[in-house]
Amino acid sequence: MTITLDRVSAGYRDFALRDISLELPQGKLTALIGPNGCGKSTLFSTMAGLLPLRRGRIEIDGHDIARARPRQIARHVALLPQSPVVPPAIRVEQLVHYGRAPYQNLLGLRRPDDHAAVASALARAGVEALRHRPLSALSGGQRQRAFIAMCLAQDTPVMLFDEPTSFLDIRYQYDTLELLAELAAAGRTVVVVRHDIGQAARYADHLVVMKDGAVQVAGAPDEVVTPAMLSRVYDIQAEVYADPVSGAPQVSPRAQV
């Protein structure tokens with residue numbers, strides 16, 4: 001499902017997105033990059049229907065999310081915010097079952113397909129062995145993977161992840177990004193916020209660069225990551241070179257004089 005934003009403005013009293021028009025393609029991994037405070041997380045919350053629009057329109061597969069009910073949105077969009085909050089005593093398997101809530105009745109009765117989706121999500125996120133442990137007993141990285149499993153169990157065509165590799169060591173960072181790339185290649189629309197430009201350029205098919213609540217440039221990594229963009233958006237002088245393994249553009253800042 002393609003996400004289309006048409007002249008979108010939204011935000012808070014002291015910060016707002018400004019006139020954003022954008023298309024996030026289906027079957028691609030899109031990474032939002034930009035300096036701290038540029039509006040990436042605000043855009044995420046707006047696309048997930050958690051923050052009301054001031055102006056403009058957001059469509060998912062041609063449907064206006066402003067007219068959709070929260071339960072309908074939850075069946076189409078999974079969101080992992082930067083700092084998710086749940087009771088610390090909850091166990092990993094219970095947390096992952098939360099991802100099935102949009103498909104259950106008011107009594108929350110679990111069906112065989114709910115159990116199958118949870119089992120698959122636990123395995124794919126690498127937390128199957130932790131299923132009976134409380135979140136309070138997990139490391140930051142283990143907890144992050146448990147939340148990723150919850151999003152996988154939700155099994156939506158659109159998946160939004162705000163810094164999904166937070167707290168993860170380097171192995172699980174790459175494992176997670178490879179998993180998200182696989183989800184996109186299988187036909188989902190996957191969007192992530194990344195601060196690491198190199199990782200974003202290596203794994204994403206599509207980059208969106210933001211600054212001051214507005215989109216500066218969007219496109220393929222080798223078109224977007226340039227010395228001119230880095231100077232304009234990040235205020236750094238840097239060289240861009242092709243990674244010897246992946247061929248993706250990588251950044252090497254010059255010494256600041």
# chains A, B, ... in the order shown; residues from 1 in each chain; ligands from 1
>>> select_by_dssp(residues="segment 16-135 of chain A", states="strand (DSSP E or B)", output="NGL selection string")
:A and (16-24 or 29-33 or 53-60 or 63-64 or 77-80 or 91 or 134)
>>> write_last_selection(atoms="N, CA and C atoms", output="compact mmCIF listing (two decimals), in the first residue's frame")
# COMPACT_ATOMS: atom_id res chain seq x y z
N ALA A 16 5.97 22.44 13.89
CA ALA A 16 4.98 21.89 12.96
C ALA A 16 5.65 21.44 11.67
N LEU A 17 5.07 20.42 11.07
CA LEU A 17 5.43 20.04 9.71
C LEU A 17 4.87 21.09 8.76
N ARG A 18 5.58 21.35 7.67
CA ARG A 18 5.18 22.44 6.78
C ARG A 18 4.98 21.96 5.35
N ASP A 19 3.73 21.87 4.95
CA ASP A 19 3.37 21.70 3.53
C ASP A 19 4.13 20.52 2.89
N ILE A 20 3.98 19.33 3.48
CA ILE A 20 4.71 18.16 3.00
C ILE A 20 3.88 17.40 1.97
N SER A 21 4.43 17.25 0.79
CA SER A 21 3.85 16.40 -0.25
C SER A 21 4.87 15.32 -0.55
N LEU A 22 4.42 14.06 -0.48
CA LEU A 22 5.37 12.96 -0.52
C LEU A 22 4.64 11.68 -0.88
N GLU A 23 5.34 10.78 -1.56
CA GLU A 23 4.79 9.45 -1.81
C GLU A 23 5.80 8.42 -1.33
N LEU A 24 5.34 7.53 -0.45
CA LEU A 24 6.18 6.46 0.08
C LEU A 24 5.76 5.17 -0.59
N LEU A 29 11.73 -0.07 1.22
CA LEU A 29 12.10 0.39 2.55
C LEU A 29 12.51 1.85 2.43
N THR A 30 11.74 2.72 3.06
CA THR A 30 12.01 4.15 3.05
C THR A 30 12.61 4.55 4.38
N ALA A 31 13.69 5.31 4.35
CA ALA A 31 14.30 5.82 5.58
C ALA A 31 14.16 7.33 5.62
N LEU A 32 13.67 7.84 6.75
CA LEU A 32 13.62 9.27 6.98
C LEU A 32 14.88 9.66 7.73
N ILE A 33 15.63 10.60 7.19
CA ILE A 33 16.85 11.05 7.84
C ILE A 33 16.82 12.57 7.96
N LEU A 53 -4.28 16.27 11.60
CA LEU A 53 -3.82 17.17 10.56
C LEU A 53 -4.33 18.58 10.81
N ARG A 54 -3.51 19.55 10.55
CA ARG A 54 -3.97 20.94 10.52
C ARG A 54 -4.47 21.29 9.11
N ARG A 55 -3.80 20.69 8.14
CA ARG A 55 -4.14 20.96 6.75
C ARG A 55 -3.59 19.82 5.91
N GLY A 56 -4.21 19.59 4.76
CA GLY A 56 -3.72 18.57 3.84
C GLY A 56 -4.44 17.25 4.00
N ARG A 57 -3.86 16.24 3.39
CA ARG A 57 -4.51 14.93 3.33
C ARG A 57 -3.45 13.83 3.29
N ILE A 58 -3.71 12.74 4.00
CA ILE A 58 -2.86 11.56 3.95
C ILE A 58 -3.72 10.38 3.52
N GLU A 59 -3.28 9.69 2.48
CA GLU A 59 -4.00 8.52 1.99
C GLU A 59 -3.11 7.28 2.08
N ILE A 60 -3.71 6.18 2.50
CA ILE A 60 -3.05 4.89 2.46
C ILE A 60 -3.86 4.01 1.53
N HIS A 63 -7.15 5.56 0.66
CA HIS A 63 -8.13 5.83 1.72
C HIS A 63 -7.62 6.94 2.64
N ASP A 64 -8.47 7.91 2.89
CA ASP A 64 -8.14 9.06 3.72
C ASP A 64 -8.09 8.62 5.19
N VAL A 77 -1.73 -0.19 9.57
CA VAL A 77 -0.48 0.46 9.92
C VAL A 77 -0.01 -0.01 11.30
N ALA A 78 1.22 -0.55 11.36
CA ALA A 78 1.87 -0.87 12.64
C ALA A 78 2.89 0.22 12.92
N LEU A 79 2.93 0.68 14.17
CA LEU A 79 3.82 1.77 14.55
C LEU A 79 4.64 1.37 15.78
N LEU A 80 5.96 1.49 15.67
CA LEU A 80 6.83 1.35 16.83
C LEU A 80 7.43 2.72 17.12
N ARG A 91 4.90 -9.93 30.33
CA ARG A 91 5.84 -10.87 29.74
C ARG A 91 5.90 -10.68 28.22
N PRO A 134 9.56 -11.39 31.91
CA PRO A 134 8.97 -10.04 31.96
C PRO A 134 9.88 -9.02 31.30
>>> closest_atom_pairs(of="segment 11-78 of chain A", to="segment 227-237 of chain A", cutoff="10 Å", atoms="only C-alpha atoms", output="tab-separated table")
residue	atom	partner	partner_atom	distance
A:Gly34	CA	A:Val233	CA	7.1
A:Pro35	CA	A:Tyr234	CA	6.3
A:Asn36	CA	A:Tyr234	CA	9.7
A:Cys38	CA	A:Val233	CA	9.8
>>> write_last_selection(atoms="N, CA and C atoms", output="compact mmCIF listing (two decimals), in the first residue's frame")
# COMPACT_ATOMS: atom_id res chain seq x y z
N GLY A 34 17.68 13.09 8.83
CA GLY A 34 17.75 14.53 9.03
C GLY A 34 18.25 14.83 10.43
N PRO A 35 18.61 16.08 10.70
CA PRO A 35 19.14 16.44 12.01
C PRO A 35 18.10 16.22 13.12
N ASN A 36 18.58 16.18 14.37
CA ASN A 36 17.68 16.08 15.51
C ASN A 36 16.66 17.22 15.48
N CYS A 38 14.15 17.61 13.43
CA CYS A 38 13.73 18.06 12.10
C CYS A 38 12.28 17.71 11.78
>>> residues_around(residues="Asp205 of chain A", least_positions_apart="6", cutoff="10 Å", atoms="only C-alpha atoms", output="mmCIF file with C-alpha atoms, in the first residue's frame")
data_model
loop_
_atom_site.group_PDB
_atom_site.id
_atom_site.type_symbol
_atom_site.label_atom_id
_atom_site.label_comp_id
_atom_site.auth_asym_id
_atom_site.auth_seq_id
_atom_site.Cartn_x
_atom_site.Cartn_y
_atom_site.Cartn_z
ATOM 1 C CA PRO A 25 6.215 3.507 -2.302
ATOM 2 C CA GLY A 27 7.454 -2.782 -1.639
ATOM 3 C CA LYS A 28 10.243 -0.407 -0.655
ATOM 4 C CA LEU A 29 12.104 0.393 2.547
ATOM 5 C CA THR A 30 12.009 4.151 3.046
ATOM 6 C CA ALA A 31 14.302 5.822 5.578
ATOM 7 C CA ALA A 181 14.354 -4.942 4.005
ATOM 8 C CA ALA A 184 9.620 -4.497 2.083
ATOM 9 C CA ALA A 185 10.816 -6.838 -0.656
ATOM 10 C CA GLY A 219 14.962 9.686 -3.874
ATOM 11 C CA ALA A 220 17.403 6.815 -4.226
ATOM 12 C CA PRO A 221 20.347 6.862 -1.777
ATOM 13 C CA ASP A 222 22.997 7.475 -4.441
#
>>> closest_residue(among="A:Gly126, A:Gly187, A:Gly99, A:Pro249", to="Arg171 of chain A", atoms="only C-alpha atoms")
A:Gly126
>>> closest_residue(among="A:Arg71, A:Asp113, A:Ser136, A:Gln154", to="Tyr98 of chain A", atoms="only C-alpha atoms")
A:Gln154
>>> closest_residue(among="A:Ala149, A:Ala200, A:Ala101, A:Val96", to="Pro70 of chain A", atoms="only C-alpha atoms")
A:Ala101
>>> residues_around(residues="Pro88 of chain A", least_positions_apart="4", cutoff="12 Å", atoms="only C-alpha atoms", output="PyMOL selection string")
chain A and resi 84+92+94-95+133-138+143
>>> residues_around(residues="Gln26 of chain A", least_positions_apart="4", cutoff="12 Å", atoms="only C-alpha atoms", output="ChimeraX atom specification")
/A:1-4,30,60-61,157-159,183-191,205-206
>>> write_last_selection(atoms="N, CA and C atoms", output="mmCIF file, in the first residue's frame")
data_model
loop_
_atom_site.group_PDB
_atom_site.id
_atom_site.type_symbol
_atom_site.label_atom_id
_atom_site.label_comp_id
_atom_site.auth_asym_id
_atom_site.auth_seq_id
_atom_site.Cartn_x
_atom_site.Cartn_y
_atom_site.Cartn_z
ATOM 1 N N MET A 1 0.831 -1.194 0.000
ATOM 2 C CA MET A 1 0.000 0.000 0.000
ATOM 3 C C MET A 1 0.872 1.254 0.000
ATOM 4 N N THR A 2 0.653 2.117 -0.933
ATOM 5 C CA THR A 2 1.395 3.365 -1.022
ATOM 6 C C THR A 2 0.833 4.383 -0.037
ATOM 7 N N ILE A 3 1.718 5.148 0.600
ATOM 8 C CA ILE A 3 1.308 6.253 1.468
ATOM 9 C C ILE A 3 1.524 7.548 0.691
ATOM 10 N N THR A 4 0.480 8.341 0.582
ATOM 11 C CA THR A 4 0.561 9.602 -0.148
ATOM 12 C C THR A 4 0.225 10.755 0.784
ATOM 13 N N THR A 30 11.737 2.716 3.060
ATOM 14 C CA THR A 30 12.009 4.151 3.046
ATOM 15 C C THR A 30 12.610 4.551 4.380
ATOM 16 N N ILE A 60 -3.708 6.185 2.497
ATOM 17 C CA ILE A 60 -3.048 4.886 2.458
ATOM 18 C C ILE A 60 -3.863 4.011 1.529
ATOM 19 N N ASP A 61 -3.248 3.646 0.419
ATOM 20 C CA ASP A 61 -3.927 2.866 -0.613
ATOM 21 C C ASP A 61 -5.212 3.563 -1.061
ATOM 22 N N PRO A 157 0.102 -4.179 6.222
ATOM 23 C CA PRO A 157 0.796 -3.874 4.963
ATOM 24 C C PRO A 157 1.715 -2.668 5.063
ATOM 25 N N VAL A 158 1.490 -1.801 6.068
ATOM 26 C CA VAL A 158 2.339 -0.632 6.291
ATOM 27 C C VAL A 158 2.957 -0.751 7.678
ATOM 28 N N MET A 159 4.289 -0.552 7.767
ATOM 29 C CA MET A 159 4.984 -0.682 9.040
ATOM 30 C C MET A 159 5.892 0.525 9.223
ATOM 31 N N LEU A 183 10.923 -7.590 4.600
ATOM 32 C CA LEU A 183 9.488 -7.290 4.670
ATOM 33 C C LEU A 183 9.080 -6.384 3.510
ATOM 34 N N ALA A 184 9.921 -5.392 3.204
ATOM 35 C CA ALA A 184 9.620 -4.497 2.083
ATOM 36 C C ALA A 184 9.672 -5.254 0.756
ATOM 37 N N ALA A 185 10.681 -6.087 0.592
ATOM 38 C CA ALA A 185 10.816 -6.838 -0.656
ATOM 39 C C ALA A 185 9.644 -7.788 -0.877
ATOM 40 N N ALA A 186 8.994 -8.194 0.231
ATOM 41 C CA ALA A 186 7.831 -9.076 0.127
ATOM 42 C C ALA A 186 6.548 -8.306 -0.180
ATOM 43 N N GLY A 187 6.640 -6.969 -0.309
ATOM 44 C CA GLY A 187 5.479 -6.190 -0.730
ATOM 45 C C GLY A 187 4.933 -5.212 0.282
ATOM 46 N N ARG A 188 5.508 -5.150 1.470
ATOM 47 C CA ARG A 188 5.014 -4.193 2.465
ATOM 48 C C ARG A 188 5.629 -2.817 2.228
ATOM 49 N N THR A 189 4.953 -1.812 2.761
ATOM 50 C CA THR A 189 5.494 -0.460 2.767
ATOM 51 C C THR A 189 6.135 -0.253 4.133
ATOM 52 N N VAL A 190 7.451 -0.174 4.174
ATOM 53 C CA VAL A 190 8.181 -0.090 5.438
ATOM 54 C C VAL A 190 8.901 1.254 5.503
ATOM 55 N N VAL A 191 8.690 1.977 6.606
ATOM 56 C CA VAL A 191 9.301 3.292 6.790
ATOM 57 C C VAL A 191 10.022 3.308 8.131
ATOM 58 N N ASP A 205 15.717 1.618 0.130
ATOM 59 C CA ASP A 205 15.558 1.827 -1.311
ATOM 60 C C ASP A 205 15.303 3.294 -1.620
ATOM 61 N N HIS A 206 14.783 3.995 -0.606
ATOM 62 C CA HIS A 206 14.256 5.345 -0.815
ATOM 63 C C HIS A 206 14.593 6.159 0.433
#
>>> closest_residue(among="A:Gln144, A:Thr226, A:Ser41, A:Ser166", to="Val85 of chain A", atoms="only C-alpha atoms")
A:Gln144
>>> atom_distance(atom1="atom CA of Val225 of chain A", atom2="atom CA of Lys211 of chain A")
14.5 Å
>>> select_by_dssp(residues="segment 130-188 of chain A", states="alpha helix (DSSP H)", output="PyMOL selection string")
chain A and resi 140-154+170-185
>>> closest_residue(among="A:Tyr241, A:Phe147, A:Tyr203, A:Phe15", to="Pro164 of chain A", atoms="only C-alpha atoms")
A:Phe147
>>> atom_distance(atom1="atom CA of Glu178 of chain A", atom2="atom CA of Glu239 of chain A")
26.1 Å
>>> atom_distance(atom1="atom CA of Ser83 of chain A", atom2="atom CA of Ala125 of chain A")
18.2 Å
